[in-house]
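Student: So I've got this file, final.txt, and it contains compact mmCIF, C-alpha atoms:
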# COMPACT_ATOMS: atom_id res chain seq x y z
CA MET C 1 6.41 -7.05 7.48
CA SER C 2 5.93 -10.81 7.78
CA ILE C 3 2.76 -11.68 5.89
CA ARG C 4 3.78 -15.31 6.23
CA HIS C 5 3.66 -15.31 10.02
CA GLY C 6 0.66 -12.99 10.15
CA LEU C 7 -1.38 -15.50 8.15
CA LEU C 8 -0.15 -18.36 10.34
CA ALA C 9 -1.31 -16.44 13.43
CA LEU C 10 -4.78 -16.04 11.92
CA LEU C 11 -4.99 -19.68 10.83
CA ASP C 12 -3.95 -20.75 14.33
CA GLN C 13 -7.40 -19.49 15.41
CA GLY C 14 -9.19 -21.68 12.88
CA PRO C 15 -9.40 -22.50 9.15
CA ARG C 16 -9.99 -19.61 6.78
CA TYR C 17 -10.01 -18.98 3.05
CA GLY C 18 -8.02 -16.29 1.24
CA TYR C 19 -10.45 -13.38 1.33
CA GLN C 20 -11.19 -14.01 5.02
CA LEU C 21 -7.46 -13.92 5.78
CA ARG C 22 -7.06 -10.66 3.88
CA THR C 23 -10.02 -9.08 5.71
CA ASP C 24 -8.90 -10.30 9.14
CA PHE C 25 -5.30 -9.20 8.59
CA GLU C 26 -6.36 -5.67 7.62
CA ALA C 27 -8.86 -5.51 10.48
CA ARG C 28 -6.13 -6.33 13.02
CA THR C 29 -3.75 -3.71 11.59
CA GLY C 30 -6.29 -1.07 10.60
CA ALA C 31 -5.37 -1.56 6.92
CA THR C 32 -1.97 -0.03 7.69
CA TRP C 33 -0.36 -2.62 5.40
CA PRO C 34 -3.03 -3.43 2.79
CA LEU C 35 -2.95 -6.87 1.20
CA ASN C 36 -4.41 -8.02 -2.05
CA VAL C 37 -5.90 -11.46 -2.45
CA GLY C 38 -3.12 -12.41 -4.85
CA GLN C 39 -0.51 -11.84 -2.12
CA VAL C 40 -2.52 -13.94 0.28
CA TYR C 41 -2.86 -16.91 -2.06
CA THR C 42 0.77 -16.70 -3.14
CA THR C 43 1.81 -16.83 0.52
CA LEU C 44 -0.60 -19.69 1.24
CA ALA C 45 0.90 -21.67 -1.64
CA ARG C 46 4.38 -21.23 -0.17
CA LEU C 47 3.17 -22.15 3.31
CA GLU C 48 1.56 -25.29 1.92
CA ARG C 49 4.75 -26.13 0.01
CA ASP C 50 6.70 -25.82 3.28
CA GLY C 51 4.24 -28.04 5.15
CA LEU C 52 3.03 -25.24 7.43
CA VAL C 53 -0.59 -25.17 6.23
CA GLU C 54 -2.84 -27.67 4.47
CA PRO C 55 -6.14 -27.56 2.58
CA ALA C 56 -9.13 -27.96 4.87
CA GLY C 57 -12.04 -28.41 2.48
CA GLU C 58 -14.39 -26.06 0.68
CA ASP C 59 -17.66 -24.39 1.57
CA ASP C 60 -20.85 -24.40 -0.52
CA GLU C 61 -19.59 -21.40 -2.49
CA GLY C 62 -16.36 -23.12 -3.48
CA HIS C 63 -14.02 -21.21 -1.15
CA GLN C 64 -10.87 -23.23 -0.39
CA PHE C 65 -10.15 -23.25 3.34
CA TYR C 66 -6.68 -23.68 4.83
CA ALA C 67 -5.66 -24.89 8.27
CA VAL C 68 -2.36 -24.60 10.11
CA THR C 69 -0.35 -27.79 10.64
CA GLU C 70 1.64 -28.75 13.73
CA ALA C 71 4.79 -27.65 11.90
CA GLY C 72 3.06 -24.35 11.23
CA ARG C 73 2.22 -23.90 14.89
CA ALA C 74 5.83 -24.60 15.81
CA GLU C 75 6.95 -22.02 13.25
CA LEU C 76 4.51 -19.49 14.69
CA ARG C 77 5.64 -20.08 18.29
CA ALA C 78 9.27 -19.71 17.24
CA TRP C 79 8.37 -16.40 15.57
CA PHE C 80 6.70 -15.12 18.74
CA ASP C 81 9.60 -16.29 20.91
CA THR C 82 12.38 -14.80 18.76
CA PRO C 83 13.16 -11.07 18.90
CA VAL C 84 13.04 -9.23 15.59
CA PRO C 85 16.73 -8.95 14.61
CA ARG C 86 18.36 -5.56 14.10
CA THR C 87 21.55 -6.98 12.55
CA ASN C 88 20.01 -6.51 9.09
CA PRO C 89 17.66 -3.53 9.49
CA PRO C 90 15.01 -3.15 6.81
CA ARG C 91 15.84 -0.75 3.99
CA ASP C 92 14.46 2.68 4.76
CA GLU C 93 13.66 4.65 1.60
CA LEU C 94 14.03 8.02 3.33
CA ALA C 95 17.49 7.20 4.71
CA ILE C 96 18.58 5.93 1.29
CA LYS C 97 17.18 9.05 -0.41
CA LEU C 98 19.09 11.43 1.88
CA ALA C 99 22.27 9.35 1.65
CA MET C 100 22.08 9.68 -2.14
CA ALA C 101 21.03 13.34 -2.07
CA VAL C 102 24.12 14.51 -0.17
CA THR C 103 26.37 12.86 -2.77
CA VAL C 104 24.61 13.98 -5.98
CA PRO C 105 25.56 17.45 -7.23
CA GLY C 106 22.72 19.89 -7.74
CA VAL C 107 20.33 18.40 -5.20
CA ASP C 108 18.94 20.84 -2.63
CA VAL C 109 19.19 18.52 0.35
CA SER C 110 17.66 21.07 2.74
CA ALA C 111 14.58 21.25 0.52
CA VAL C 112 14.33 17.45 0.54
CA VAL C 113 14.51 17.43 4.36
CA GLN C 114 11.96 20.22 4.75
CA GLY C 115 9.52 18.61 2.32
CA GLN C 116 9.75 15.31 4.15
CA ARG C 117 9.27 17.01 7.52
CA ARG C 118 6.05 18.63 6.33
CA HIS C 119 4.79 15.26 5.09
CA SER C 120 5.80 13.49 8.32
CA ILE C 121 4.16 16.12 10.53
CA LYS C 122 0.90 15.72 8.59
CA ALA C 123 1.13 11.94 8.93
CA LEU C 124 1.72 12.32 12.68
CA GLN C 125 -1.37 14.49 12.97
CA ASP C 126 -3.42 11.90 11.07
CA TYR C 127 -2.16 9.05 13.28
CA THR C 128 -2.91 11.06 16.40
CA ARG C 129 -6.48 11.70 15.23
CA LEU C 130 -6.93 8.00 14.50
CA LYS C 131 -5.64 7.17 17.96
CA GLY C 132 -8.20 9.52 19.48
CA ARG C 133 -10.94 7.81 17.49
CA ALA C 134 -9.67 4.39 18.57
CA LEU C 135 -9.69 5.41 22.22
CA ALA C 136 -13.21 6.74 21.76
CA GLY C 137 -14.30 3.33 20.52
CA GLU C 138 -14.93 4.29 16.89
CA ALA C 139 -14.63 1.65 14.17
CA ARG C 140 -11.09 1.13 12.94
CA PRO C 141 -10.21 1.21 9.23
CA GLY C 142 -10.61 -2.12 7.51
CA ALA C 143 -13.02 -3.44 10.15
CA GLY C 144 -16.00 -3.38 7.78
CA ALA C 145 -19.12 -4.89 9.27
CA ALA C 146 -17.20 -7.44 11.32
CA PRO C 147 -17.92 -7.22 15.04
CA ALA C 148 -15.16 -5.58 17.04
CA SER C 149 -13.34 -7.45 19.75
CA ALA C 150 -11.21 -6.21 22.62
CA GLY C 151 -8.20 -8.02 21.16
CA SER C 152 -8.52 -6.56 17.67
CA ASP C 153 -9.13 -3.06 19.03
CA LEU C 154 -6.01 -3.34 21.19
CA ALA C 155 -4.05 -4.66 18.20
CA TRP C 156 -5.07 -1.62 16.14
CA LEU C 157 -4.19 0.74 18.98
CA LEU C 158 -0.73 -0.81 19.36
CA VAL C 159 -0.10 -0.48 15.62
CA LEU C 160 -1.19 3.17 15.72
CA GLU C 161 1.07 3.95 18.65
CA GLN C 162 4.00 2.28 16.92
CA LEU C 163 3.37 4.47 13.87
CA ILE C 164 3.18 7.56 16.08
CA PHE C 165 6.45 6.77 17.88
CA GLN C 166 8.14 5.91 14.59
CA THR C 167 7.00 9.16 12.95
CA GLU C 168 8.06 11.24 15.96
CA ALA C 169 11.49 9.63 15.77
CA GLU C 170 11.63 10.34 12.03
CA ILE C 171 10.88 14.02 12.61
CA ARG C 172 13.60 14.23 15.27
CA TRP C 173 16.02 12.56 12.87
CA LEU C 174 15.12 15.07 10.13
CA ASP C 175 15.82 17.91 12.58
CA HIS C 176 19.18 16.29 13.31
CA CYS C 177 19.89 15.99 9.57
CA GLU C 178 19.21 19.69 9.09
CA THR C 179 21.56 20.57 11.95
CA ARG C 180 24.22 18.28 10.49
CA LEU C 181 23.84 19.93 7.06
CA ALA C 182 24.25 23.39 8.60
CA GLN C 183 27.37 22.26 10.47
CA GLN C 184 28.81 20.78 7.30
CA ALA C 185 28.15 24.00 5.37
CA GLU C 186 29.89 26.05 8.08
CA LEU C 187 32.85 23.68 8.06
CA GLN C 188 33.16 23.90 4.28
CA GLN C 189 33.00 27.71 4.42
CA ALA C 190 35.69 27.79 7.11
CA ARG C 191 37.95 25.50 5.07
CA ALA C 192 37.40 27.59 1.95
CA ALA C 193 38.28 30.75 3.87
CA GLU C 194 41.43 29.14 5.25
CA ALA C 195 42.44 28.01 1.76
CA THR C 196 41.91 31.51 0.40
CA GLU C 197 43.97 33.07 3.17
CA ALA C 198 46.74 30.53 2.64
CA ALA C 199 46.77 31.22 -1.09
CA GLU C 200 46.91 34.97 -0.56
CA ALA C 201 49.68 34.61 2.01
CA GLY C 202 51.65 32.36 -0.32
CA GLY C 203 51.25 34.78 -3.17
CA ALA C 204 52.44 37.68 -1.08
CA ALA C 205 55.48 35.72 0.13
CA GLY C 206 56.47 34.86 -3.45
CA GLN C 207 56.50 38.44 -4.67
CA GLU C 208 59.91 40.22 -5.03
CA PRO C 209 60.22 42.84 -2.35
CA ALA C 210 60.11 46.40 -3.64
CA ARG C 211 63.47 48.16 -3.92
CA THR C 212 64.00 51.22 -1.78
CA PHE C 213 66.29 54.13 -2.76
CA ARG C 214 69.18 54.62 -0.41
CA PRO C 215 71.12 57.81 -1.12
CA GLY C 216 74.91 57.18 -1.20
CA ARG C 217 77.68 59.46 0.10
CA ARG C 218 78.52 62.14 -2.43
CA ARG C 219 82.14 62.33 -3.47
CA THR C 220 83.85 65.65 -3.14
CA ARG C 221 86.70 66.72 -5.38
CA SER C 222 89.87 67.52 -3.66
Show me this structure written as structure tokens.
Tutor:
Amino acid sequence: MSIRHGLLALLDQGPRYGYQLRTDFEARTGATWPLNVGQVYTTLARLERDGLVEPAGEDDEGHQFYAVTEAGRAELRAWFDTPVPRTNPPRDELAIKLAMAVTVPGVDVSAVVQGQRRHSIKALQDYTRLKGRALAGEARPGAGAAPASAGSDLAWLLVLEQLIFQTEAEIRWLDHCETRLAQQAELQQARAAEATEAAEAGGAAGQEPARTFRPGRRRTRS
């Protein structure tokens, strides 16, 4: 998530102070990625250091406003014009957890997958309910008393649908993981059975064959 560019996009619409930026950011995204004021001001300090925003005065209550600079607008346009790269995908905690689980002895990987599936299905149900509320025109999370706009409502709907698609894909991937685990277990069982058969065959081949009694010709006295 690029807080940096999100704040630039908000400041491109006019000067704001920290708490306003936090409120507007959460209103646009339905508080999907909550921010604290400390994060906002830390990011503003870095943007100011980089020449992308500048102080724009204070109000009667002492709130420090910030405005985007021309360099900041250029940075924002470049962000909008550049596809999000997939060469370095963001770290996914679930993928890392399963990658570790299959290599650590004693971990019930199937239980990990099933527990995550239950959680993901519940999340999908919650997102779907929120989408229904959004389509019905109900207030989105994080909107507070601020008046709704067509743009912010659409922004929230797009975020919700991205979460729904992402969660559906995660559930399909978990199903795939379970199938892969079952295939791996079958393969290991087959290999173990082959090893056992080979060992038994080798043991039988190494045993001395049993002697059989062959009666000889009896001599007769002449």
Student: Ranking C:Val40, C:Ala182, C:Ala198, C:Ile3 by minimum distance to Leu21 (chain C) and counting only C-alpha atoms, which one comes first?
Tutor: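 Going through C:Val40, C:Ala182, C:Ala198, C:Ile3 one by one, the smallest distance to Leu21 (chain C) is for C:Val40.
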Student: Skipping near chain neighbours, those fewer than 6 positions away, what residues fall within 8 Å of region 174-179 of chain C using only C-alpha atoms, listed as a ChimeraX atom specification?
Tutor: /C:110,113,117
Student: Taking all atoms listed in the file into account, name the residue in C:Gln125, C:Thr69, C:Thr29, C:Gln64 that is nearest to Glu48 (chain C).
Tutor: C:Thr69
Student: Counting only C-alpha atoms, which residues come within 10 Å of (2.7, -24.8, 5.1), with the point read in the file's coordinates, and could you list them as a VMD selection string?
Tutor: chain C and resid 4 8 43 to 55 66 to 73 75
Student: Output C-alpha atoms for every residue in the selection just made, as a PDB file, in the coordinates of the input.
Tutor:
ATOM      1  CA  ARG C   4       3.780 -15.310   6.230  1.00  0.00           C
ATOM      2  CA  LEU C   8      -0.150 -18.360  10.340  1.00  0.00           C
ATOM      3  CA  THR C  43       1.810 -16.830   0.520  1.00  0.00           C
ATOM      4  CA  LEU C  44      -0.600 -19.690   1.240  1.00  0.00           C
ATOM      5  CA  ALA C  45       0.900 -21.670  -1.640  1.00  0.00           C
ATOM      6  CA  ARG C  46       4.380 -21.230  -0.170  1.00  0.00           C
ATOM      7  CA  LEU C  47       3.170 -22.150   3.310  1.00  0.00           C
ATOM      8  CA  GLU C  48       1.560 -25.290   1.920  1.00  0.00           C
ATOM      9  CA  ARG C  49       4.750 -26.130   0.010  1.00  0.00           C
ATOM     10  CA  ASP C  50       6.700 -25.820   3.280  1.00  0.00           C
ATOM     11  CA  GLY C  51       4.240 -28.040   5.150  1.00  0.00           C
ATOM     12  CA  LEU C  52       3.030 -25.240   7.430  1.00  0.00           C
ATOM     13  CA  VAL C  53      -0.590 -25.170   6.230  1.00  0.00           C
ATOM     14  CA  GLU C  54      -2.840 -27.670   4.470  1.00  0.00           C
ATOM     15  CA  PRO C  55      -6.140 -27.560   2.580  1.00  0.00           C
ATOM     16  CA  TYR C  66      -6.680 -23.680   4.830  1.00  0.00           C
ATOM     17  CA  ALA C  67      -5.660 -24.890   8.270  1.00  0.00           C
ATOM     18  CA  VAL C  68      -2.360 -24.600  10.110  1.00  0.00           C
ATOM     19  CA  THR C  69      -0.350 -27.790  10.640  1.00  0.00           C
ATOM     20  CA  GLU C  70       1.640 -28.750  13.730  1.00  0.00           C
ATOM     21  CA  ALA C  71       4.790 -27.650  11.900  1.00  0.00           C
ATOM     22  CA  GLY C  72       3.060 -24.350  11.230  1.00  0.00           C
ATOM     23  CA  ARG C  73       2.220 -23.900  14.890  1.00  0.00           C
ATOM     24  CA  GLU C  75       6.950 -22.020  13.250  1.00  0.00           C
TER      25      GLU C  75
END
Student: One decimal, in Å: what's the spacing between CA of Asn36 (chain C) and CA of Trp156 (chain C)?
Tutor: 19.3 Å
Student: Mind pulling up the distance from CA of Leu98 (chain C) to CA of Val112 (chain C)?
Tutor: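 Straight-line distance from CA of Val112 (chain C) to CA of Leu98 (chain C) works out to 7.8 Å.
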Student: Please determine, counting only C-alpha atoms, which residue among C:Val84, C:Val102, C:Leu11, C:Leu160 has the shortest atom-to-atom distance to Trp33 (chain C).
Tutor: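 Closest to Trp33 (chain C), using only C-alpha atoms: C:Leu160.
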Student: With only C-alpha atoms as the atoms that count, which of C:Tyr17, C:Leu7, C:Ala185, C:Ala195 lies nearest to Val109 (chain C)?
Tutor: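 Comparing C:Tyr17, C:Leu7, C:Ala185, C:Ala195 against Val109 (chain C), the winner is C:Ala185.
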Student: Where's the centre, and what are the edge lengths in Å to one decimal, of a box along x, y and z enclosing all listed atoms of region 175-186 of chain C padded 8 Å per side, as AutoDock Vina command-line options?
Tutor:
--center_x 22.9 --center_y 21.0 --center_z 9.3 --size_x 30.1 --size_y 26.1 --size_z 23.9
Student: With all atoms listed in the file as the basis for distance, which of C:Ile164, C:Asp60, C:Ala95, C:Ala155 is at the shortest distance from Arg129 (chain C)?
Tutor: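 Checking each of C:Ile164, C:Asp60, C:Ala95, C:Ala155 against Arg129 (chain C), counting all atoms listed in the file, the winner is C:Ile164.
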Student: What does the distance between CA of Gly30 (chain C) and CA of Ala78 (chain C) come to in Å, to one decimal place?
Tutor: 25.2 Å
Student: Reconstruct all heavy atoms of region 160-171 of chain C from the incomplete input and present them as a PDB file, in the coordinates of the input.
Tutor:
ATOM      1  N   LEU C 160      -1.140   1.702  15.822  1.00  0.00           N
ATOM      2  CA  LEU C 160      -1.190   3.170  15.720  1.00  0.00           C
ATOM      3  C   LEU C 160      -0.103   3.816  16.552  1.00  0.00           C
ATOM      4  O   LEU C 160       0.590   4.736  16.088  1.00  0.00           O
ATOM      5  CB  LEU C 160      -2.554   3.670  16.193  1.00  0.00           C
ATOM      6  CG  LEU C 160      -3.643   3.875  15.140  1.00  0.00           C
ATOM      7  CD1 LEU C 160      -4.915   4.356  15.809  1.00  0.00           C
ATOM      8  CD2 LEU C 160      -3.181   4.861  14.075  1.00  0.00           C
ATOM      9  N   GLU C 161       0.067   3.350  17.782  1.00  0.00           N
ATOM     10  CA  GLU C 161       1.070   3.950  18.650  1.00  0.00           C
ATOM     11  C   GLU C 161       2.481   3.698  18.131  1.00  0.00           C
ATOM     12  O   GLU C 161       3.355   4.565  18.245  1.00  0.00           O
ATOM     13  CB  GLU C 161       0.895   3.424  20.076  1.00  0.00           C
ATOM     14  CG  GLU C 161      -0.377   3.959  20.724  1.00  0.00           C
ATOM     15  CD  GLU C 161      -0.653   3.360  22.093  1.00  0.00           C
ATOM     16  OE1 GLU C 161      -0.173   2.239  22.360  1.00  0.00           O
ATOM     17  OE2 GLU C 161      -1.360   4.006  22.886  1.00  0.00           O
ATOM     18  N   GLN C 162       2.696   2.531  17.524  1.00  0.00           N
ATOM     19  CA  GLN C 162       4.000   2.280  16.920  1.00  0.00           C
ATOM     20  C   GLN C 162       4.252   3.258  15.780  1.00  0.00           C
ATOM     21  O   GLN C 162       5.363   3.798  15.625  1.00  0.00           O
ATOM     22  CB  GLN C 162       4.088   0.838  16.421  1.00  0.00           C
ATOM     23  CG  GLN C 162       5.484   0.391  16.014  1.00  0.00           C
ATOM     24  CD  GLN C 162       5.808   0.648  14.564  1.00  0.00           C
ATOM     25  OE1 GLN C 162       4.938   0.964  13.763  1.00  0.00           O
ATOM     26  NE2 GLN C 162       7.078   0.503  14.204  1.00  0.00           N
ATOM     27  N   LEU C 163       3.227   3.518  14.976  1.00  0.00           N
ATOM     28  CA  LEU C 163       3.370   4.470  13.870  1.00  0.00           C
ATOM     29  C   LEU C 163       3.629   5.884  14.392  1.00  0.00           C
ATOM     30  O   LEU C 163       4.424   6.634  13.816  1.00  0.00           O
ATOM     31  CB  LEU C 163       2.101   4.457  13.011  1.00  0.00           C
ATOM     32  CG  LEU C 163       1.842   3.173  12.212  1.00  0.00           C
ATOM     33  CD1 LEU C 163       0.459   3.216  11.578  1.00  0.00           C
ATOM     34  CD2 LEU C 163       2.908   2.980  11.154  1.00  0.00           C
ATOM     35  N   ILE C 164       2.973   6.235  15.498  1.00  0.00           N
ATOM     36  CA  ILE C 164       3.180   7.560  16.080  1.00  0.00           C
ATOM     37  C   ILE C 164       4.605   7.701  16.594  1.00  0.00           C
ATOM     38  O   ILE C 164       5.297   8.681  16.296  1.00  0.00           O
ATOM     39  CB  ILE C 164       2.156   7.797  17.226  1.00  0.00           C
ATOM     40  CG1 ILE C 164       0.754   7.992  16.630  1.00  0.00           C
ATOM     41  CG2 ILE C 164       2.554   9.013  18.065  1.00  0.00           C
ATOM     42  CD1 ILE C 164      -0.349   8.033  17.665  1.00  0.00           C
ATOM     43  N   PHE C 165       5.073   6.717  17.361  1.00  0.00           N
ATOM     44  CA  PHE C 165       6.450   6.770  17.880  1.00  0.00           C
ATOM     45  C   PHE C 165       7.465   6.800  16.742  1.00  0.00           C
ATOM     46  O   PHE C 165       8.461   7.523  16.782  1.00  0.00           O
ATOM     47  CB  PHE C 165       6.729   5.590  18.808  1.00  0.00           C
ATOM     48  CG  PHE C 165       5.900   5.585  20.060  1.00  0.00           C
ATOM     49  CD1 PHE C 165       5.555   4.390  20.683  1.00  0.00           C
ATOM     50  CD2 PHE C 165       5.462   6.771  20.627  1.00  0.00           C
ATOM     51  CE1 PHE C 165       4.799   4.382  21.842  1.00  0.00           C
ATOM     52  CE2 PHE C 165       4.705   6.775  21.781  1.00  0.00           C
ATOM     53  CZ  PHE C 165       4.369   5.581  22.402  1.00  0.00           C
ATOM     54  N   GLN C 166       7.224   5.985  15.721  1.00  0.00           N
ATOM     55  CA  GLN C 166       8.140   5.910  14.590  1.00  0.00           C
ATOM     56  C   GLN C 166       8.194   7.250  13.845  1.00  0.00           C
ATOM     57  O   GLN C 166       9.272   7.706  13.459  1.00  0.00           O
ATOM     58  CB  GLN C 166       7.683   4.795  13.644  1.00  0.00           C
ATOM     59  CG  GLN C 166       8.667   4.461  12.543  1.00  0.00           C
ATOM     60  CD  GLN C 166       8.166   3.296  11.709  1.00  0.00           C
ATOM     61  OE1 GLN C 166       7.087   3.354  11.122  1.00  0.00           O
ATOM     62  NE2 GLN C 166       8.950   2.229  11.669  1.00  0.00           N
ATOM     63  N   THR C 167       7.042   7.878  13.662  1.00  0.00           N
ATOM     64  CA  THR C 167       7.000   9.160  12.950  1.00  0.00           C
ATOM     65  C   THR C 167       7.627  10.270  13.780  1.00  0.00           C
ATOM     66  O   THR C 167       8.321  11.143  13.241  1.00  0.00           O
ATOM     67  CB  THR C 167       5.548   9.511  12.575  1.00  0.00           C
ATOM     68  OG1 THR C 167       4.947   8.401  11.888  1.00  0.00           O
ATOM     69  CG2 THR C 167       5.507  10.731  11.659  1.00  0.00           C
ATOM     70  N   GLU C 168       7.400  10.255  15.086  1.00  0.00           N
ATOM     71  CA  GLU C 168       8.060  11.240  15.960  1.00  0.00           C
ATOM     72  C   GLU C 168       9.571  11.103  15.872  1.00  0.00           C
ATOM     73  O   GLU C 168      10.297  12.106  15.795  1.00  0.00           O
ATOM     74  CB  GLU C 168       7.579  11.054  17.396  1.00  0.00           C
ATOM     75  CG  GLU C 168       6.146  11.501  17.638  1.00  0.00           C
ATOM     76  CD  GLU C 168       5.667  11.177  19.047  1.00  0.00           C
ATOM     77  OE1 GLU C 168       6.270  10.290  19.699  1.00  0.00           O
ATOM     78  OE2 GLU C 168       4.690  11.801  19.497  1.00  0.00           O
ATOM     79  N   ALA C 169      10.055   9.856  15.880  1.00  0.00           N
ATOM     80  CA  ALA C 169      11.490   9.630  15.770  1.00  0.00           C
ATOM     81  C   ALA C 169      12.011  10.106  14.417  1.00  0.00           C
ATOM     82  O   ALA C 169      13.113  10.665  14.317  1.00  0.00           O
ATOM     83  CB  ALA C 169      11.809   8.147  15.962  1.00  0.00           C
ATOM     84  N   GLU C 170      11.223   9.897  13.362  1.00  0.00           N
ATOM     85  CA  GLU C 170      11.630  10.340  12.030  1.00  0.00           C
ATOM     86  C   GLU C 170      11.759  11.856  11.980  1.00  0.00           C
ATOM     87  O   GLU C 170      12.713  12.393  11.397  1.00  0.00           O
ATOM     88  CB  GLU C 170      10.614   9.866  10.989  1.00  0.00           C
ATOM     89  CG  GLU C 170      10.961  10.267   9.558  1.00  0.00           C
ATOM     90  CD  GLU C 170       9.988   9.663   8.566  1.00  0.00           C
ATOM     91  OE1 GLU C 170      10.142   8.473   8.231  1.00  0.00           O
ATOM     92  OE2 GLU C 170       9.069  10.383   8.122  1.00  0.00           O
ATOM     93  N   ILE C 171      10.826  12.557  12.598  1.00  0.00           N
ATOM     94  CA  ILE C 171      10.880  14.020  12.610  1.00  0.00           C
ATOM     95  C   ILE C 171      12.096  14.509  13.384  1.00  0.00           C
ATOM     96  O   ILE C 171      12.787  15.448  12.965  1.00  0.00           O
ATOM     97  CB  ILE C 171       9.571  14.598  13.199  1.00  0.00           C
ATOM     98  CG1 ILE C 171       8.399  14.308  12.252  1.00  0.00           C
ATOM     99  CG2 ILE C 171       9.697  16.104  13.434  1.00  0.00           C
ATOM    100  CD1 ILE C 171       7.039  14.621  12.838  1.00  0.00           C
TER     101      ILE C 171
END
